[in-house]
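Visitor: Attaching a single structure in structure tokens format; questions to follow.
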Amino acid sequence: MIRVKHVLMPAMALLPVLLPGCAVISEEQCRAGNWYELGVQDGSRGVGQAKVYEMAQECQQYGARVDSDAWLRGHEEGVEEYCTAENGYVEGRRGRDYQGVCTGPTADLFLREYQRGLALYRVEQQYRQLVSRHEYLRDELFAVRAALNAAESEEERQALQLRRRSLRQELRLLDLELHRFGAPGVSFWY
């Protein structure tokens with residue numbers, strides 16, 4: 001137990017260094033004061049306006065002030081770049097969260113394409129989960145077959161046969177689900 005403590009303490013001390021992405025803004029950015037440019041960058045990535053308040057809190061710790069007006073002007077320009085139908089689709093396909101930054105006539109176009117892309121993203125995620133589970137169950141079935149060959153007692157053999165039946169049944173159901181996706185090579189060899 002003492003060894004674990006000695007290993008964990010130095011590792012925990014490194015967490016702030018290893019996880020720099022947790023800060024909203026760095027001290028250098030606070031002091032540089034490129035608020036308009038930061039606003040453009042944040043807006044073009046679809047970051048919501050609440051970030052300006054988070055940055056103000058962080059920068060206050062460093063003794064720096066945020067020019068929220070400049071950031072908001074830049075943010076508005078960046079949001080115009082972000083809120084296109086094409087970008088909505090791309091953001092959805094990547095499964096990114098939408099923070100509701102688009103307004104006006106472009107909002108409807110962005111949102112329609114975002115939802116279309118997100119629907120495809122979710123279908124792909126579901127398919128990947130099914131394939132992953134299918135592969136896991138096939139490996140498990142293989143291991144159960146090997147264990148059946150090595151079983152030493154009738155009780156052990158019966159438990160393994162029950163497990164094998166259960167695995168086969170779940171694999172058949174997964175095959176049907178994968179078939180709905182048009183998955184090639186779905187087999188019923190179980």
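Going by the structure tokens order, chains are called A, B, ..., each with residues numbered from 1, while ligands are numbered from 1 in the order shown.
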For region 63-69 of chain A, list every protein, DNA or RNA residue within 9 Å, evaluated using only C-alpha atoms, and leave out those in the same chain fewer than 3 positions away; present the list as a PDB file with C-alpha atoms, in the first residue's frame.

Guide:
```pdb
ATOM      1  CA  GLU A  27      -2.510  33.404 -18.525  1.00  0.00           C
ATOM      2  CA  CYS A  30      -5.291  36.882 -20.836  1.00  0.00           C
ATOM      3  CA  ARG A  31      -2.279  39.160 -20.871  1.00  0.00           C
ATOM      4  CA  GLY A  33      -5.496  40.786 -24.939  1.00  0.00           C
ATOM      5  CA  ASN A  34      -6.309  39.659 -28.479  1.00  0.00           C
ATOM      6  CA  TRP A  35      -9.991  39.647 -27.587  1.00  0.00           C
ATOM      7  CA  TYR A  36     -11.416  40.288 -31.037  1.00  0.00           C
ATOM      8  CA  GLY A  39     -13.904  35.941 -30.315  1.00  0.00           C
ATOM      9  CA  VAL A  52     -16.643  35.393 -22.274  1.00  0.00           C
ATOM     10  CA  TYR A  53     -17.803  35.261 -18.642  1.00  0.00           C
ATOM     11  CA  MET A  55     -12.668  33.891 -19.453  1.00  0.00           C
ATOM     12  CA  ALA A  56     -13.309  36.996 -17.345  1.00  0.00           C
ATOM     13  CA  GLU A  58     -10.010  33.135 -15.223  1.00  0.00           C
ATOM     14  CA  CYS A  59      -8.274  36.345 -16.311  1.00  0.00           C
ATOM     15  CA  GLN A  60      -9.251  38.069 -13.087  1.00  0.00           C
ATOM     16  CA  LEU A  72     -18.412  39.701 -28.697  1.00  0.00           C
ATOM     17  CA  ARG A  73     -17.792  41.595 -31.968  1.00  0.00           C
ATOM     18  CA  GLY A  74     -15.288  38.949 -33.030  1.00  0.00           C
TER      19      GLY A  74
END
```

Visitor: Report as a list in words all protein, DNA and RNA residues lying within 8 Å of region 87-89 of chain A, evaluated on only C-alpha atoms, omitting residues in the same chain fewer than 6 positions from it.

Guide: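 The contact residues come out as Leu109, Phe110, Leu111, Arg112, Glu113, Tyr114, Gln115, Arg116, Gly117 and Leu118 of chain A.
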
Visitor: Neighbouring residues of region 144-148 of chain A were defined as those with any atom within 12 Å, considering only C-alpha atoms; residues of the same chain fewer than 4 positions away were excluded. Please report them as an NGL selection string.

Guide: :A and (137-140 or 152-168 or 190)

Visitor: Which residues are near Arg133 (chain A)? Cut-off 12 Å, only C-alpha atoms, ignore same chain within fewer than 2 positions. Put them as a ChimeraX atom specification.

Guide: /A:126-131,135-140,167,170-171,173-175,177-178

Visitor: Please save C-alpha atoms of the selected residues as a PDB file, in the first residue's frame.

Guide:
```
ATOM      1  CA  GLN A 126     -24.951   2.222 -33.209  1.00  0.00           C
ATOM      2  CA  TYR A 127     -23.566   0.075 -36.010  1.00  0.00           C
ATOM      3  CA  ARG A 128     -20.064   0.177 -34.523  1.00  0.00           C
ATOM      4  CA  GLN A 129     -21.415  -0.849 -31.119  1.00  0.00           C
ATOM      5  CA  LEU A 130     -23.250  -3.787 -32.674  1.00  0.00           C
ATOM      6  CA  VAL A 131     -20.147  -4.898 -34.577  1.00  0.00           C
ATOM      7  CA  GLU A 135     -16.945  -9.617 -32.248  1.00  0.00           C
ATOM      8  CA  TYR A 136     -16.811  -9.907 -28.456  1.00  0.00           C
ATOM      9  CA  LEU A 137     -19.532 -12.572 -28.434  1.00  0.00           C
ATOM     10  CA  ARG A 138     -17.841 -14.559 -31.216  1.00  0.00           C
ATOM     11  CA  ASP A 139     -14.619 -14.563 -29.202  1.00  0.00           C
ATOM     12  CA  GLU A 140     -16.539 -15.564 -26.099  1.00  0.00           C
ATOM     13  CA  LEU A 167     -24.194 -16.752 -26.754  1.00  0.00           C
ATOM     14  CA  GLU A 170     -27.537 -13.314 -28.720  1.00  0.00           C
ATOM     15  CA  LEU A 171     -25.332 -13.643 -31.797  1.00  0.00           C
ATOM     16  CA  LEU A 173     -30.186 -11.480 -32.674  1.00  0.00           C
ATOM     17  CA  LEU A 174     -27.151  -9.300 -33.377  1.00  0.00           C
ATOM     18  CA  ASP A 175     -26.918 -10.797 -36.867  1.00  0.00           C
ATOM     19  CA  GLU A 177     -29.728  -6.212 -36.225  1.00  0.00           C
ATOM     20  CA  LEU A 178     -26.603  -5.992 -38.380  1.00  0.00           C
TER      21      LEU A 178
END
```

Visitor: Which of these, A:Ser132, A:Asp97, A:Gly92, A:Thr106, has the shortest distance to Ala119 (chain A) once you count only C-alpha atoms?

Guide: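 Among the listed residues, the smallest separation from Ala119 (chain A) belongs to A:Gly92.
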
Visitor: Would you mind writing down, as a PyMOL selection string, each residue of region 37-145 of chain A that DSSP on the backbone assigns to alpha helix (DSSP H)?

Guide: chain A and resi 37-44+50-61+68-82+85-93+105-145

Visitor: Just to be explicit: take each residue in the selection above, keep C-alpha atoms, and write the result as a tab-separated table (two decimals), in the first residue's frame.

Guide:
```
chain	number	residue	atom	x	y	z
A	37	GLU	CA	-9.34	37.47	-32.59
A	38	LEU	CA	-10.24	35.10	-29.76
A	39	GLY	CA	-13.90	35.94	-30.31
A	40	VAL	CA	-13.61	35.16	-34.02
A	41	GLN	CA	-11.92	31.84	-33.24
A	42	ASP	CA	-14.50	30.87	-30.64
A	43	GLY	CA	-17.43	31.92	-32.81
A	44	SER	CA	-16.12	30.01	-35.82
A	50	ALA	CA	-21.05	32.19	-21.97
A	51	LYS	CA	-17.33	31.66	-22.59
A	52	VAL	CA	-16.64	35.39	-22.27
A	53	TYR	CA	-17.80	35.26	-18.64
A	54	GLU	CA	-15.71	32.16	-17.95
A	55	MET	CA	-12.67	33.89	-19.45
A	56	ALA	CA	-13.31	37.00	-17.35
A	57	GLN	CA	-13.24	34.87	-14.19
A	58	GLU	CA	-10.01	33.13	-15.22
A	59	CYS	CA	-8.27	36.34	-16.31
A	60	GLN	CA	-9.25	38.07	-13.09
A	61	GLN	CA	-7.09	35.51	-11.27
A	68	SER	CA	-15.90	41.58	-23.66
A	69	ASP	CA	-17.15	44.06	-26.27
A	70	ALA	CA	-14.23	43.24	-28.59
A	71	TRP	CA	-14.66	39.50	-27.96
A	72	LEU	CA	-18.41	39.70	-28.70
A	73	ARG	CA	-17.79	41.59	-31.97
A	74	GLY	CA	-15.29	38.95	-33.03
A	75	HIS	CA	-17.58	36.17	-31.84
A	76	GLU	CA	-20.40	37.51	-34.01
A	77	GLU	CA	-18.13	37.46	-37.06
A	78	GLY	CA	-16.94	33.94	-36.26
A	79	VAL	CA	-20.50	32.71	-35.78
A	80	GLU	CA	-21.33	33.89	-39.30
A	81	GLU	CA	-18.58	31.58	-40.60
A	82	TYR	CA	-19.82	28.75	-38.40
A	85	ALA	CA	-25.59	24.61	-43.87
A	86	GLU	CA	-22.38	22.84	-44.94
A	87	ASN	CA	-20.78	23.33	-41.56
A	88	GLY	CA	-23.97	22.20	-39.81
A	89	TYR	CA	-23.76	18.90	-41.63
A	90	VAL	CA	-20.04	18.51	-40.83
A	91	GLU	CA	-20.58	19.29	-37.15
A	92	GLY	CA	-23.41	16.77	-36.97
A	93	ARG	CA	-21.40	14.06	-38.75
A	105	PRO	CA	-32.26	32.83	-41.39
A	106	THR	CA	-29.05	30.79	-41.31
A	107	ALA	CA	-30.08	29.09	-38.05
A	108	ASP	CA	-32.78	26.99	-39.72
A	109	LEU	CA	-30.47	25.88	-42.53
A	110	PHE	CA	-27.64	25.11	-40.12
A	111	LEU	CA	-29.90	23.18	-37.76
A	112	ARG	CA	-31.56	21.14	-40.50
A	113	GLU	CA	-28.19	20.01	-41.86
A	114	TYR	CA	-26.76	19.53	-38.37
A	115	GLN	CA	-29.63	17.19	-37.48
A	116	ARG	CA	-29.21	15.29	-40.74
A	117	GLY	CA	-25.47	14.84	-40.09
A	118	LEU	CA	-26.07	13.94	-36.44
A	119	ALA	CA	-28.61	11.29	-37.40
A	120	LEU	CA	-26.02	9.64	-39.65
A	121	TYR	CA	-23.40	9.91	-36.92
A	122	ARG	CA	-25.70	8.17	-34.44
A	123	VAL	CA	-26.52	5.38	-36.89
A	124	GLU	CA	-22.80	4.80	-37.46
A	125	GLN	CA	-22.17	4.74	-33.71
A	126	GLN	CA	-24.95	2.22	-33.21
A	127	TYR	CA	-23.57	0.07	-36.01
A	128	ARG	CA	-20.06	0.18	-34.52
A	129	GLN	CA	-21.42	-0.85	-31.12
A	130	LEU	CA	-23.25	-3.79	-32.67
A	131	VAL	CA	-20.15	-4.90	-34.58
A	132	SER	CA	-18.02	-4.59	-31.45
A	133	ARG	CA	-20.49	-6.60	-29.39
A	134	HIS	CA	-20.73	-9.19	-32.19
A	135	GLU	CA	-16.94	-9.62	-32.25
A	136	TYR	CA	-16.81	-9.91	-28.46
A	137	LEU	CA	-19.53	-12.57	-28.43
A	138	ARG	CA	-17.84	-14.56	-31.22
A	139	ASP	CA	-14.62	-14.56	-29.20
A	140	GLU	CA	-16.54	-15.56	-26.10
A	141	LEU	CA	-18.24	-18.40	-27.99
A	142	PHE	CA	-14.87	-19.62	-29.21
A	143	ALA	CA	-13.57	-19.63	-25.62
A	144	VAL	CA	-16.64	-21.51	-24.39
A	145	ARG	CA	-16.16	-24.15	-27.11
```

Visitor: May I ask for the distance between CA of Cys102 (chain A) and CA of Gly46 (chain A), given in Å to one decimal place?

Guide: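 Calculated distance between CA of Cys102 (chain A) and CA of Gly46 (chain A) is 8.3 Å.
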
Visitor: CA of Val101 (chain A) and CA of Val47 (chain A), how far apart in Å?

Guide: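 Those two atoms sit 7.3 Å apart.
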
Visitor: Expressed in Å to a single decimal, how great is the separation between CA of Gln99 (chain A) and CA of Tyr62 (chain A)?

Guide: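 Here the two named atoms are 27.8 Å from each other.
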